[in-house]
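Coordinates as given in input_25.tsv (TSV, C-alpha atoms (C1' of nucleotides)):
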```tsv
chain	number	residue	atom	x	y	z
A	1	MET	CA	110.57	106.31	141.65
A	2	ALA	CA	107.31	107.18	143.36
A	3	ASP	CA	106.39	103.73	144.50
A	4	GLN	CA	104.64	104.49	147.75
A	5	GLN	CA	101.28	105.38	146.19
A	6	ARG	CA	99.77	104.96	142.76
A	7	ASP	CA	99.01	108.21	141.04
A	8	GLU	CA	95.84	107.08	139.29
A	9	GLU	CA	95.83	110.01	136.96
A	10	ALA	CA	99.30	109.15	135.74
A	11	VAL	CA	98.24	105.53	135.42
A	12	ASP	CA	95.34	106.59	133.19
A	13	ARG	CA	97.67	108.61	131.03
A	14	PHE	CA	99.95	105.62	130.68
A	15	VAL	CA	97.03	103.36	129.80
A	16	GLU	CA	95.91	105.64	126.99
A	17	ARG	CA	99.38	106.27	125.67
A	18	PHE	CA	100.35	102.63	125.68
A	19	ALA	CA	97.06	101.69	124.07
A	20	SER	CA	97.71	104.18	121.27
A	21	GLU	CA	101.00	102.52	120.59
A	22	LEU	CA	99.40	99.12	120.40
A	23	VAL	CA	96.91	100.59	117.96
A	24	GLU	CA	99.76	101.89	115.87
A	25	ALA	CA	101.13	98.37	115.90
A	26	GLY	CA	97.87	97.08	114.48
A	27	MET	CA	95.57	96.26	117.40
A	28	GLN	CA	92.02	97.68	117.47
A	29	ARG	CA	91.48	100.51	119.88
A	30	MET	CA	89.18	98.98	122.44
A	31	PRO	CA	91.08	95.71	122.85
A	32	ALA	CA	94.26	97.75	123.20
A	33	ARG	CA	92.75	99.89	125.96
A	34	VAL	CA	91.37	96.91	127.83
A	35	PHE	CA	94.69	95.16	127.57
A	36	ALA	CA	96.52	98.19	128.93
A	37	ALA	CA	94.06	98.37	131.81
A	38	LEU	CA	94.87	94.78	132.76
A	39	LEU	CA	98.55	95.47	132.51
A	40	VAL	CA	98.40	98.10	135.25
A	41	ALA	CA	96.18	96.06	137.56
A	42	ASP	CA	98.29	94.83	140.41
A	43	ASP	CA	97.35	91.19	140.03
A	44	GLY	CA	96.96	91.47	136.27
A	45	ALA	CA	93.23	90.80	136.39
A	46	LEU	CA	90.00	92.80	136.50
A	47	THR	CA	86.29	92.15	136.32
A	48	SER	CA	84.23	93.45	133.43
A	49	ALA	CA	82.76	96.19	135.63
A	50	GLU	CA	86.20	97.33	136.77
A	51	VAL	CA	87.40	97.56	133.19
A	52	GLY	CA	84.31	99.51	132.22
A	53	GLU	CA	84.79	101.91	135.06
A	54	ARG	CA	88.47	102.57	134.42
A	55	LEU	CA	87.95	103.16	130.73
A	56	LYS	CA	84.49	104.73	130.97
A	57	VAL	CA	82.96	102.41	128.40
A	58	SER	CA	79.86	100.27	128.20
A	59	PRO	CA	79.66	96.56	129.10
A	60	ALA	CA	79.08	95.88	125.40
A	61	ALA	CA	82.40	97.39	124.47
A	62	VAL	CA	84.19	95.38	127.14
A	63	SER	CA	82.52	92.22	125.94
A	64	GLY	CA	83.69	92.70	122.36
A	65	ALA	CA	87.21	93.58	123.41
A	66	VAL	CA	87.74	90.61	125.72
A	67	ARG	CA	86.37	88.22	123.14
A	68	TYR	CA	89.06	89.40	120.77
A	69	LEU	CA	91.81	89.34	123.39
A	70	ALA	CA	90.92	85.82	124.47
A	71	GLN	CA	90.86	84.68	120.87
A	72	VAL	CA	94.38	85.85	120.17
A	73	GLY	CA	95.53	84.36	123.45
A	74	LEU	CA	96.47	87.54	125.27
A	75	ILE	CA	94.10	87.04	128.17
A	76	SER	CA	92.19	84.22	129.74
A	77	ARG	CA	88.77	84.40	131.29
A	78	GLU	CA	88.09	83.04	134.73
A	79	ARG	CA	84.91	82.59	136.65
A	80	GLU	CA	84.97	83.91	140.19
A	81	PRO	CA	83.74	80.99	142.30
A	82	GLY	CA	80.37	81.67	143.91
A	83	SER	CA	79.54	84.47	141.52
A	84	ARG	CA	78.50	84.88	137.93
A	85	ARG	CA	81.08	87.55	137.53
A	86	GLU	CA	84.04	86.93	135.26
A	87	ARG	CA	87.59	88.08	135.62
A	88	TYR	CA	89.85	88.73	132.71
A	89	ARG	CA	93.48	87.97	133.33
A	90	LEU	CA	96.67	88.59	131.40
A	91	HIS	CA	97.41	85.22	129.99
A	92	SER	CA	100.92	85.30	131.33
A	93	ASP	CA	103.63	87.72	132.24
A	94	GLN	CA	105.23	86.86	128.94
A	95	TRP	CA	102.36	88.31	126.99
A	96	TYR	CA	104.80	90.07	124.66
A	97	GLU	CA	105.75	86.70	123.24
A	98	THR	CA	102.24	86.32	121.96
A	99	PHE	CA	102.06	89.90	120.86
A	100	THR	CA	105.21	89.81	118.81
A	101	ARG	CA	104.48	86.37	117.36
A	102	ARG	CA	104.29	86.82	113.66
A	103	ASP	CA	104.63	83.22	112.47
A	104	ARG	CA	101.31	82.89	110.77
A	105	PHE	CA	101.62	86.27	109.18
A	106	LEU	CA	105.09	85.59	107.82
A	107	THR	CA	104.07	82.21	106.49
A	108	ARG	CA	101.16	83.73	104.62
A	109	LEU	CA	103.34	86.52	103.30
A	110	GLU	CA	105.82	84.01	101.94
A	111	SER	CA	103.14	82.10	100.14
A	112	THR	CA	101.77	85.30	98.63
A	113	LEU	CA	105.23	86.27	97.45
A	114	ALA	CA	105.73	82.84	95.90
A	115	SER	CA	102.54	83.31	93.90
A	116	GLY	CA	103.88	86.71	92.85
A	117	VAL	CA	107.07	85.21	91.48
A	118	ASP	CA	104.95	82.81	89.45
A	119	ALA	CA	102.72	85.57	88.12
A	120	VAL	CA	105.49	87.81	86.82
A	121	GLY	CA	107.81	85.00	85.77
A	122	GLY	CA	110.76	83.61	87.68
A	123	GLY	CA	113.47	84.77	85.30
A	124	THR	CA	112.44	88.40	85.08
A	125	PRO	CA	113.82	91.32	87.12
A	126	ALA	CA	110.52	91.67	88.94
A	127	GLY	CA	110.53	87.96	89.65
A	128	GLU	CA	113.98	88.09	91.18
A	129	ARG	CA	113.07	91.13	93.25
A	130	ILE	CA	110.05	89.36	94.66
A	131	ALA	CA	111.96	86.14	95.24
A	132	GLU	CA	114.59	87.98	97.24
A	133	THR	CA	111.88	89.50	99.36
A	134	ALA	CA	110.46	86.06	100.02
A	135	ASP	CA	113.91	84.84	101.03
A	136	PHE	CA	114.23	87.72	103.45
A	137	PHE	CA	111.00	86.98	105.24
A	138	ALA	CA	111.84	83.29	105.42
A	139	PHE	CA	115.14	84.26	107.01
A	140	LEU	CA	113.33	86.52	109.45
A	141	GLN	CA	111.05	83.75	110.50
A	142	ARG	CA	113.98	81.43	111.23
A	143	GLU	CA	115.85	84.14	113.14
A	144	TRP	CA	112.85	84.94	115.28
A	145	THR	CA	112.90	81.54	116.94
A	146	LYS	CA	116.54	81.99	117.88
A	147	THR	CA	115.98	85.52	119.15
A	148	MET	CA	113.29	84.30	121.51
A	149	GLU	CA	115.54	81.53	122.76
A	150	ARG	CA	118.24	84.05	123.51
A	151	TRP	CA	115.73	86.23	125.33
A	152	ARG	CA	114.65	83.39	127.57
A	153	ALA	CA	118.27	82.56	128.35
A	154	GLU	CA	119.12	86.17	129.18
A	155	ARG	CA	116.01	86.53	131.25
A	156	SER	CA	116.47	83.40	133.36
A	157	GLY	CA	120.10	84.32	133.98
A	158	ARG	CA	119.21	87.26	136.18
B	159	MET	CA	107.15	78.28	86.61
B	160	ALA	CA	105.37	80.06	83.78
B	161	ASP	CA	108.03	82.59	82.98
B	162	GLN	CA	107.49	82.92	79.25
B	163	GLN	CA	104.61	85.38	79.51
B	164	ARG	CA	103.14	87.48	82.29
B	165	ASP	CA	99.63	86.54	83.17
B	166	GLU	CA	98.38	90.03	83.92
B	167	GLU	CA	95.32	88.77	85.68
B	168	ALA	CA	97.43	86.72	88.07
B	169	VAL	CA	99.69	89.72	88.57
B	170	ASP	CA	96.68	91.82	89.56
B	171	ARG	CA	95.60	89.19	92.03
B	172	PHE	CA	99.06	89.18	93.53
B	173	VAL	CA	99.12	92.96	93.76
B	174	GLU	CA	95.85	93.07	95.69
B	175	ARG	CA	96.72	90.17	97.93
B	176	PHE	CA	100.15	91.49	98.78
B	177	ALA	CA	98.73	94.96	99.38
B	178	SER	CA	96.21	93.50	101.82
B	179	GLU	CA	99.01	91.94	103.76
B	180	LEU	CA	100.87	95.23	103.93
B	181	VAL	CA	97.67	96.82	105.20
B	182	GLU	CA	97.44	94.17	107.87
B	183	ALA	CA	100.99	95.08	108.83
B	184	GLY	CA	99.95	98.69	109.29
B	185	MET	CA	100.30	100.47	105.95
B	186	GLN	CA	97.40	102.49	104.52
B	187	ARG	CA	95.58	100.84	101.68
B	188	MET	CA	96.37	103.10	98.76
B	189	PRO	CA	100.10	103.40	99.46
B	190	ALA	CA	100.19	99.63	99.86
B	191	ARG	CA	98.55	99.07	96.49
B	192	VAL	CA	100.78	101.55	94.73
B	193	PHE	CA	103.81	99.98	96.30
B	194	ALA	CA	102.73	96.51	95.19
B	195	ALA	CA	102.20	97.83	91.66
B	196	LEU	CA	105.78	99.09	91.57
B	197	LEU	CA	107.04	95.80	92.89
B	198	VAL	CA	105.69	93.91	89.90
B	199	ALA	CA	106.88	96.43	87.33
B	200	ASP	CA	109.83	94.93	85.51
B	201	ASP	CA	112.16	97.85	86.10
B	202	GLY	CA	110.57	98.68	89.45
B	203	ALA	CA	109.24	102.02	88.23
B	204	LEU	CA	106.01	103.38	86.79
B	205	THR	CA	104.55	106.74	85.82
B	206	SER	CA	101.58	108.17	87.65
B	207	ALA	CA	99.29	107.34	84.75
B	208	GLU	CA	100.49	103.75	84.64
B	209	VAL	CA	99.85	103.31	88.33
B	210	GLY	CA	96.39	104.84	87.98
B	211	GLU	CA	95.55	102.54	85.13
B	212	ARG	CA	96.71	99.35	86.80
B	213	LEU	CA	94.86	100.12	90.01
B	214	LYS	CA	91.89	101.91	88.44
B	215	VAL	CA	92.20	104.95	90.68
B	216	SER	CA	92.27	108.70	90.15
B	217	PRO	CA	95.43	110.80	89.74
B	218	ALA	CA	94.61	112.40	93.09
B	219	ALA	CA	94.79	109.05	94.85
B	220	VAL	CA	98.14	108.27	93.23
B	221	SER	CA	99.44	111.66	94.25
B	222	GLY	CA	98.59	111.12	97.90
B	223	ALA	CA	100.00	107.63	97.98
B	224	VAL	CA	103.35	108.48	96.41
B	225	ARG	CA	103.78	111.44	98.71
B	226	TYR	CA	103.50	109.07	101.64
B	227	LEU	CA	105.74	106.41	100.11
B	228	ALA	CA	108.44	108.95	99.33
B	229	GLN	CA	108.25	110.34	102.84
B	230	VAL	CA	108.88	106.99	104.48
B	231	GLY	CA	111.66	106.31	102.01
B	232	LEU	CA	110.15	103.39	100.15
B	233	ILE	CA	110.22	105.04	96.74
B	234	SER	CA	111.97	107.90	95.06
B	235	ARG	CA	110.53	110.21	92.47
B	236	GLU	CA	112.29	110.91	89.21
B	237	ARG	CA	111.56	113.33	86.44
B	238	GLU	CA	111.62	111.86	82.98
B	239	PRO	CA	113.98	114.10	81.00
B	240	GLY	CA	112.20	116.04	78.28
B	241	SER	CA	108.81	115.58	79.84
B	242	ARG	CA	106.81	116.84	82.76
B	243	ARG	CA	105.92	113.31	83.62
B	244	GLU	CA	107.27	111.75	86.81
B	245	ARG	CA	108.29	108.20	87.48
B	246	TYR	CA	108.06	106.58	90.85
B	247	ARG	CA	110.71	104.00	91.58
B	248	LEU	CA	111.26	101.47	94.33
B	249	HIS	CA	113.92	103.11	96.37
B	250	SER	CA	116.06	100.00	96.31
B	251	ASP	CA	115.77	96.27	96.00
B	252	GLN	CA	116.25	96.09	99.74
B	253	TRP	CA	113.02	97.91	100.43
B	254	TYR	CA	112.13	95.38	103.14
B	255	GLU	CA	114.88	96.83	105.30
B	256	THR	CA	112.99	100.10	105.44
B	257	PHE	CA	109.70	98.36	105.83
B	258	THR	CA	110.74	96.25	108.79
B	259	ARG	CA	112.62	99.05	110.48
B	260	ARG	CA	110.98	99.58	113.83
B	261	ASP	CA	113.62	101.60	115.69
B	262	ARG	CA	111.65	104.72	116.31
B	263	PHE	CA	108.61	102.79	117.32
B	264	LEU	CA	110.50	100.61	119.78
B	265	THR	CA	112.22	103.59	121.32
B	266	ARG	CA	108.94	105.35	121.90
B	267	LEU	CA	107.40	102.21	123.31
B	268	GLU	CA	110.24	101.87	125.79
B	269	SER	CA	109.82	105.40	127.01
B	270	THR	CA	106.08	104.89	127.42
B	271	LEU	CA	106.67	101.74	129.40
B	272	ALA	CA	109.16	103.53	131.63
B	273	SER	CA	106.54	106.13	132.45
B	274	GLY	CA	104.16	103.29	133.21
B	275	VAL	CA	106.54	101.78	135.75
B	276	ASP	CA	106.72	105.15	137.45
B	277	ALA	CA	102.96	105.56	137.49
B	278	VAL	CA	102.17	102.25	139.14
B	279	GLY	CA	105.25	102.16	141.34
B	280	GLY	CA	108.48	100.28	140.72
B	281	GLY	CA	108.19	97.81	143.56
B	282	THR	CA	104.68	96.58	142.80
B	283	PRO	CA	103.73	93.49	140.79
B	284	ALA	CA	102.34	95.68	138.01
B	285	GLY	CA	105.55	97.69	138.05
B	286	GLU	CA	107.68	94.60	137.64
B	287	ARG	CA	105.47	93.27	134.89
B	288	ILE	CA	105.78	96.50	132.94
B	289	ALA	CA	109.50	96.75	133.58
B	290	GLU	CA	110.04	93.28	132.20
B	291	THR	CA	108.13	94.25	129.11
B	292	ALA	CA	110.35	97.28	128.66
B	293	ASP	CA	113.43	95.06	129.00
B	294	PHE	CA	112.07	92.76	126.35
B	295	PHE	CA	111.59	95.49	123.79
B	296	ALA	CA	115.00	96.92	124.53
B	297	PHE	CA	116.44	93.46	123.92
B	298	LEU	CA	114.49	93.21	120.69
B	299	GLN	CA	115.88	96.47	119.45
B	300	ARG	CA	119.45	95.34	120.09
B	301	GLU	CA	118.86	91.97	118.44
B	302	TRP	CA	117.36	93.53	115.36
B	303	THR	CA	120.62	95.17	114.38
B	304	LYS	CA	122.41	91.85	114.59
B	305	THR	CA	119.73	90.05	112.65
B	306	MET	CA	120.07	92.50	109.79
B	307	GLU	CA	123.83	92.08	109.80
B	308	ARG	CA	123.42	88.33	109.55
B	309	TRP	CA	120.99	88.78	106.67
B	310	ARG	CA	123.43	90.89	104.70
B	311	ALA	CA	126.15	88.34	105.30
B	312	GLU	CA	124.00	85.42	104.20
B	313	ARG	CA	122.78	87.31	101.20
B	314	SER	CA	126.16	88.38	99.92
B	315	GLY	CA	127.45	84.85	100.38
B	316	ARG	CA	125.34	83.50	97.55
C	317	DC	C1'	104.56	134.80	77.17
C	318	DG	C1'	100.52	132.04	76.65
C	319	DC	C1'	99.20	127.01	75.90
C	320	DT	C1'	99.14	122.47	77.38
C	321	DG	C1'	100.20	118.10	79.69
C	322	DG	C1'	100.84	116.73	84.07
C	323	DT	C1'	100.58	116.95	89.20
C	324	DT	C1'	98.63	118.68	93.47
C	325	DT	C1'	95.13	120.52	96.55
C	326	DC	C1'	90.69	120.63	98.51
C	327	DA	C1'	85.84	120.06	99.63
C	328	DG	C1'	82.70	116.73	99.91
C	329	DA	C1'	80.60	112.00	99.05
C	330	DA	C1'	81.04	107.25	100.13
C	331	DA	C1'	82.58	103.68	102.84
C	332	DG	C1'	84.25	101.75	106.92
C	333	DT	C1'	84.88	101.51	111.89
C	334	DT	C1'	83.64	101.81	116.52
C	335	DG	C1'	80.83	102.19	120.61
C	336	DT	C1'	76.19	102.59	122.52
C	337	DG	C1'	71.55	101.33	124.25
C	338	DA	C1'	68.36	97.94	124.49
C	339	DA	C1'	66.85	93.46	124.07
C	340	DG	C1'	68.25	88.68	124.55
C	341	DT	C1'	70.65	84.82	126.71
C	342	DT	C1'	72.76	82.18	130.40
C	343	DA	C1'	73.69	80.47	134.80
C	344	DT	C1'	73.40	80.63	139.78
C	345	DA	C1'	71.04	81.40	144.05
C	346	DG	C1'	67.24	80.78	146.61
D	347	DC	C1'	61.73	76.40	139.03
D	348	DT	C1'	61.84	81.36	139.23
D	349	DA	C1'	64.19	85.62	139.79
D	350	DT	C1'	67.94	88.09	138.63
D	351	DA	C1'	72.89	89.41	138.03
D	352	DA	C1'	76.00	89.34	134.53
D	353	DC	C1'	77.47	88.80	129.95
D	354	DT	C1'	76.43	88.94	124.84
D	355	DT	C1'	74.32	90.26	120.56
D	356	DC	C1'	72.53	93.48	117.39
D	357	DA	C1'	70.84	97.55	114.97
D	358	DC	C1'	72.01	102.03	114.67
D	359	DA	C1'	74.33	106.56	115.36
D	360	DA	C1'	78.64	109.05	115.62
D	361	DC	C1'	82.92	109.47	114.04
D	362	DT	C1'	86.86	108.68	111.04
D	363	DT	C1'	89.06	107.54	106.95
D	364	DT	C1'	89.53	107.29	102.14
D	365	DC	C1'	88.81	108.40	97.41
D	366	DT	C1'	86.92	111.29	93.86
D	367	DG	C1'	86.01	115.29	90.71
D	368	DA	C1'	86.99	119.85	89.96
D	369	DA	C1'	89.79	123.61	90.24
D	370	DA	C1'	94.37	125.39	90.89
D	371	DC	C1'	99.04	125.17	90.08
D	372	DC	C1'	103.46	124.39	87.59
D	373	DA	C1'	106.89	123.77	84.19
D	374	DG	C1'	108.40	123.24	79.60
D	375	DC	C1'	107.45	124.19	74.65
D	376	DG	C1'	106.34	126.80	70.76
```

Could you take the file, read its structure, and then write that structure out as structure tokens?
Amino acid sequence: MADQQRDEEAVDRFVERFASELVEAGMQRMPARVFAALLVADDGALTSAEVGERLKVSPAAVSGAVRYLAQVGLISREREPGSRRERYRLHSDQWYETFTRRDRFLTRLESTLASGVDAVGGGTPAGERIAETADFFAFLQREWTKTMERWRAERSGR
Amino acid sequence: MADQQRDEEAVDRFVERFASELVEAGMQRMPARVFAALLVADDGALTSAEVGERLKVSPAAVSGAVRYLAQVGLISREREPGSRRERYRLHSDQWYETFTRRDRFLTRLESTLASGVDAVGGGTPAGERIAETADFFAFLQREWTKTMERWRAERSGR
DNA sequence: CGCTGGTTTCAGAAAGTTGTGAAGTTATAG
DNA sequence: CTATAACTTCACAACTTTCTGAAACCAGCG
């Protein structure tokens, strides 16, 4: 546990590796990298210039990435008082709640699957296969709420 | 519930819409479309030519897609006896179990996060933030097993 | 054994994605 | 109000991904 001094090279490696995994999970590359950069900042916030410097990218790229991140609620943007500089901050330490939130996606999936059952016919083998899939994702959505409740309980009990 | 007759146009719409949602969830487009095509086939299986015709794509594209789908265990390939034609079949009606399986991914993520804690230092704010994230994903992995058990129980009890 | 229907491989064309530089906009300081 | 620091937008270039056609391969049949 080398916690006396940050090894910035190791931090960079972590940033890139973690970003790749977010990409694999569906995030675009630049937002993922910016997000990872904020995650390793000690107070969870950086200015645009600091992000650009750490990642070696242009202001334009930072601008696009933070717009996306703010939109999905992973960061918030603050104005530094007495300056026209902005800081981008992890929206909360429970960012993973946002990240793993799949409500809207699951809802849409269910409605698509319902239309699929209609299209192939409810009584057919294909219809039943699709209906079961819909049931599964509905179940998943219900379970997710409970899982998050359990997490909060476990977490506060430490 | 129009289940007297398949409306092939509506089926096609479903196939494309469902495939798009799989893409959004991280699957490549062509495998997603092929998979969706199998899902709406009454016996859950099609020949290469049938897939190509429904999706209007070349044999080469089908070949690449089924290779991928077989590799991740979503379909199996069968040889039609007395023919050199192959059929591709949904590996099981519980395909969603494979699809939602995230074990390997979560494990890798945890190890990345552990290296991140090391890089920034365990006692620092960033270190604690990253460690909490790692805890969360570890929790998620444990919960997932239980969720799937509950699903099987609920499902068999119908 | 060679012919043929079917699948696979591969190089390249087409499409899509991403990040940059440069111009444009906005807001604060003076 | 004007000057200017900082962010944003946009057209384009670089890169990546994806699909196709053509050729190669393979297995069963005659």

Checklist entry - With only C-alpha atoms as the atoms that count, which of B:Ser206, B:Phe193, B:Ala219, B:Lys214 lies nearest to B:Trp253? => result B:Phe193

Which chain C residues are at most 10 Å from chain A (counting all atoms listed in the file), as a compact mmCIF listing (two decimals) with C-alpha atoms (C1' of nucleotides), in the frame of the given file?
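Saved the output as out03.txt:
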```txt
# COMPACT_ATOMS: atom_id res chain seq x y z
C1' DT C 333 84.88 101.51 111.89
C1' DT C 334 83.64 101.81 116.52
C1' DG C 335 80.83 102.19 120.61
C1' DT C 336 76.19 102.59 122.52
C1' DG C 337 71.55 101.33 124.25
C1' DT C 342 72.76 82.18 130.40
C1' DA C 343 73.69 80.47 134.80
C1' DT C 344 73.40 80.63 139.78
C1' DA C 345 71.04 81.40 144.05
```

Item to check | Within 8 Å of chain A: residues of chain D, using only C-alpha atoms (C1' of nucleotides), as a PyMOL selection string | outcome: chain D and resi 351-354

Save the residues we just selected, C-alpha atoms (C1' of nucleotides), as a compact mmCIF listing (two decimals), keeping the file's coordinate frame?
```
# COMPACT_ATOMS: atom_id res chain seq x y z
C1' DA D 351 72.89 89.41 138.03
C1' DA D 352 76.00 89.34 134.53
C1' DC D 353 77.47 88.80 129.95
C1' DT D 354 76.43 88.94 124.84
```

Can you give me chain B superposed onto chain A, least-squares on all Cα in order, written as a compact mmCIF listing (two decimals) with C-alpha atoms, in the coordinates of the input?
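Saved as superposed.txt:
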```
# COMPACT_ATOMS: atom_id res chain seq x y z
CA MET B 159 110.56 106.52 141.45
CA ALA B 160 107.32 107.38 143.22
CA ASP B 161 106.41 103.92 144.37
CA GLN B 162 104.67 104.77 147.63
CA GLN B 163 101.32 105.61 146.05
CA ARG B 164 99.79 105.12 142.63
CA ASP B 165 99.03 108.33 140.86
CA GLU B 166 95.84 107.19 139.17
CA GLU B 167 95.85 110.07 136.78
CA ALA B 168 99.33 109.18 135.57
CA VAL B 169 98.25 105.56 135.30
CA ASP B 170 95.35 106.59 133.06
CA ARG B 171 97.69 108.57 130.87
CA PHE B 172 99.95 105.56 130.56
CA VAL B 173 97.04 103.29 129.71
CA GLU B 174 95.89 105.53 126.86
CA ARG B 175 99.37 106.14 125.55
CA PHE B 176 100.34 102.50 125.61
CA ALA B 177 97.04 101.53 124.00
CA SER B 178 97.70 103.99 121.18
CA GLU B 179 101.00 102.34 120.52
CA LEU B 180 99.38 98.92 120.38
CA VAL B 181 96.88 100.35 117.91
CA GLU B 182 99.73 101.63 115.81
CA ALA B 183 101.13 98.11 115.87
CA GLY B 184 97.86 96.78 114.49
CA MET B 185 95.55 96.02 117.41
CA GLN B 186 92.00 97.40 117.49
CA ARG B 187 91.48 100.28 119.85
CA MET B 188 89.14 98.82 122.43
CA PRO B 189 91.03 95.55 122.90
CA ALA B 190 94.21 97.59 123.21
CA ARG B 191 92.74 99.77 125.93
CA VAL B 192 91.34 96.84 127.85
CA PHE B 193 94.64 95.07 127.61
CA ALA B 194 96.51 98.12 128.90
CA ALA B 195 94.05 98.36 131.80
CA LEU B 196 94.85 94.78 132.80
CA LEU B 197 98.54 95.46 132.53
CA VAL B 198 98.40 98.12 135.22
CA ALA B 199 96.17 96.13 137.56
CA ASP B 200 98.29 94.94 140.45
CA ASP B 201 97.34 91.29 140.13
CA GLY B 202 96.94 91.54 136.36
CA ALA B 203 93.21 90.87 136.50
CA LEU B 204 90.01 92.90 136.59
CA THR B 205 86.27 92.29 136.46
CA SER B 206 84.20 93.54 133.57
CA ALA B 207 82.77 96.32 135.69
CA GLU B 208 86.21 97.45 136.79
CA VAL B 209 87.41 97.62 133.22
CA GLY B 210 84.31 99.56 132.20
CA GLU B 211 84.81 102.02 134.99
CA ARG B 212 88.48 102.67 134.34
CA LEU B 213 87.95 103.18 130.63
CA LYS B 214 84.50 104.77 130.85
CA VAL B 215 82.95 102.40 128.34
CA SER B 216 79.82 100.27 128.20
CA PRO B 217 79.63 96.59 129.22
CA ALA B 218 79.01 95.78 125.56
CA ALA B 219 82.34 97.28 124.55
CA VAL B 220 84.15 95.32 127.26
CA SER B 221 82.44 92.15 126.13
CA GLY B 222 83.60 92.55 122.55
CA ALA B 223 87.13 93.42 123.52
CA VAL B 224 87.66 90.51 125.90
CA ARG B 225 86.26 88.08 123.37
CA TYR B 226 88.94 89.20 120.96
CA LEU B 227 91.72 89.19 123.55
CA ALA B 228 90.82 85.69 124.70
CA GLN B 229 90.74 84.47 121.12
CA VAL B 230 94.26 85.63 120.37
CA GLY B 231 95.43 84.20 123.67
CA LEU B 232 96.40 87.40 125.43
CA ILE B 233 94.02 86.95 128.35
CA SER B 234 92.10 84.17 129.97
CA ARG B 235 88.69 84.41 131.54
CA GLU B 236 87.99 83.13 135.01
CA ARG B 237 84.80 82.77 136.95
CA GLU B 238 84.89 84.14 140.45
CA PRO B 239 83.68 81.28 142.66
CA GLY B 240 80.35 82.03 144.30
CA SER B 241 79.48 84.75 141.85
CA ARG B 242 78.39 85.14 138.28
CA ARG B 243 81.03 87.76 137.81
CA GLU B 244 83.98 87.06 135.53
CA ARG B 245 87.55 88.18 135.83
CA TYR B 246 89.81 88.75 132.90
CA ARG B 247 93.45 88.00 133.50
CA LEU B 248 96.63 88.58 131.54
CA HIS B 249 97.34 85.17 130.19
CA SER B 250 100.89 85.26 131.46
CA ASP B 251 103.62 87.70 132.30
CA GLN B 252 105.21 86.81 129.00
CA TRP B 253 102.32 88.23 127.02
CA TYR B 254 104.76 89.96 124.65
CA GLU B 255 105.70 86.57 123.25
CA THR B 256 102.17 86.17 121.96
CA PHE B 257 102.00 89.74 120.85
CA THR B 258 105.16 89.64 118.79
CA ARG B 259 104.43 86.25 117.32
CA ARG B 260 104.24 86.70 113.58
CA ASP B 261 104.57 83.12 112.33
CA ARG B 262 101.28 82.79 110.59
CA PHE B 263 101.59 86.18 109.02
CA LEU B 264 105.08 85.52 107.70
CA THR B 265 104.07 82.17 106.29
CA ARG B 266 101.18 83.68 104.41
CA LEU B 267 103.35 86.50 103.15
CA GLU B 268 105.87 84.02 101.79
CA SER B 269 103.23 82.12 99.91
CA THR B 270 101.85 85.33 98.44
CA LEU B 271 105.30 86.36 97.32
CA ALA B 272 105.86 82.97 95.72
CA SER B 273 102.71 83.43 93.68
CA GLY B 274 104.00 86.85 92.71
CA VAL B 275 107.24 85.40 91.35
CA ASP B 276 105.18 83.03 89.24
CA ALA B 277 102.95 85.80 87.94
CA VAL B 278 105.71 88.07 86.73
CA GLY B 279 108.06 85.30 85.66
CA GLY B 280 111.02 83.91 87.58
CA GLY B 281 113.75 85.10 85.27
CA THR B 282 112.69 88.74 85.08
CA PRO B 283 114.03 91.62 87.19
CA ALA B 284 110.68 91.92 88.97
CA GLY B 285 110.73 88.18 89.60
CA GLU B 286 114.15 88.33 91.18
CA ARG B 287 113.20 91.32 93.28
CA ILE B 288 110.16 89.52 94.64
CA ALA B 289 112.07 86.30 95.18
CA GLU B 290 114.67 88.09 97.23
CA THR B 291 111.93 89.57 99.35
CA ALA B 292 110.50 86.11 99.94
CA ASP B 293 113.96 84.88 100.98
CA PHE B 294 114.25 87.73 103.42
CA PHE B 295 111.00 86.95 105.19
CA ALA B 296 111.84 83.28 105.33
CA PHE B 297 115.14 84.23 106.95
CA LEU B 298 113.31 86.46 109.39
CA GLN B 299 111.02 83.66 110.42
CA ARG B 300 113.96 81.36 111.14
CA GLU B 301 115.81 84.05 113.08
CA TRP B 302 112.82 84.85 115.21
CA THR B 303 112.86 81.45 116.87
CA LYS B 304 116.49 81.91 117.81
CA THR B 305 115.94 85.41 119.09
CA MET B 306 113.24 84.19 121.44
CA GLU B 307 115.50 81.42 122.69
CA ARG B 308 118.20 83.96 123.44
CA TRP B 309 115.68 86.11 125.29
CA ARG B 310 114.61 83.26 127.53
CA ALA B 311 118.23 82.46 128.27
CA GLU B 312 119.11 86.05 129.12
CA ARG B 313 116.01 86.42 131.21
CA SER B 314 116.48 83.31 133.28
CA GLY B 315 120.10 84.24 133.87
CA ARG B 316 119.19 87.17 136.08
```

Item to check | Spatial neighbours of A:Val11, max dist 12 Å, only C-alpha atoms (C1' of nucleotides), sep filter under 6 positions, as a PyMOL selection string | outcome: (chain A and resi 5+17-18+36-42+54-55) or (chain B and resi 270-279+284-285)

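Distances to chain B were evaluated for A:Ala153, A:Leu109, A:Ile75, A:Ala138 using only C-alpha atoms, and the minimum falls at A:Leu109.
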
Next on the checklist: So the first atom is atom CA of A:Phe105 and the second is atom CA of A:Gly26; what is the distance between them in Å, to one decimal place?
Outcome noted: 12.6 Å

Taking every listed atom of stretch 368-374 of chain D and adding 6 Å to each side, what centre and edge lengths in Å (one decimal) does the axis-aligned box have, as AutoDock Vina command-line options?
```
--center_x 97.7 --center_y 122.6 --center_z 85.2 --size_x 33.4 --size_y 17.5 --size_z 23.3
```
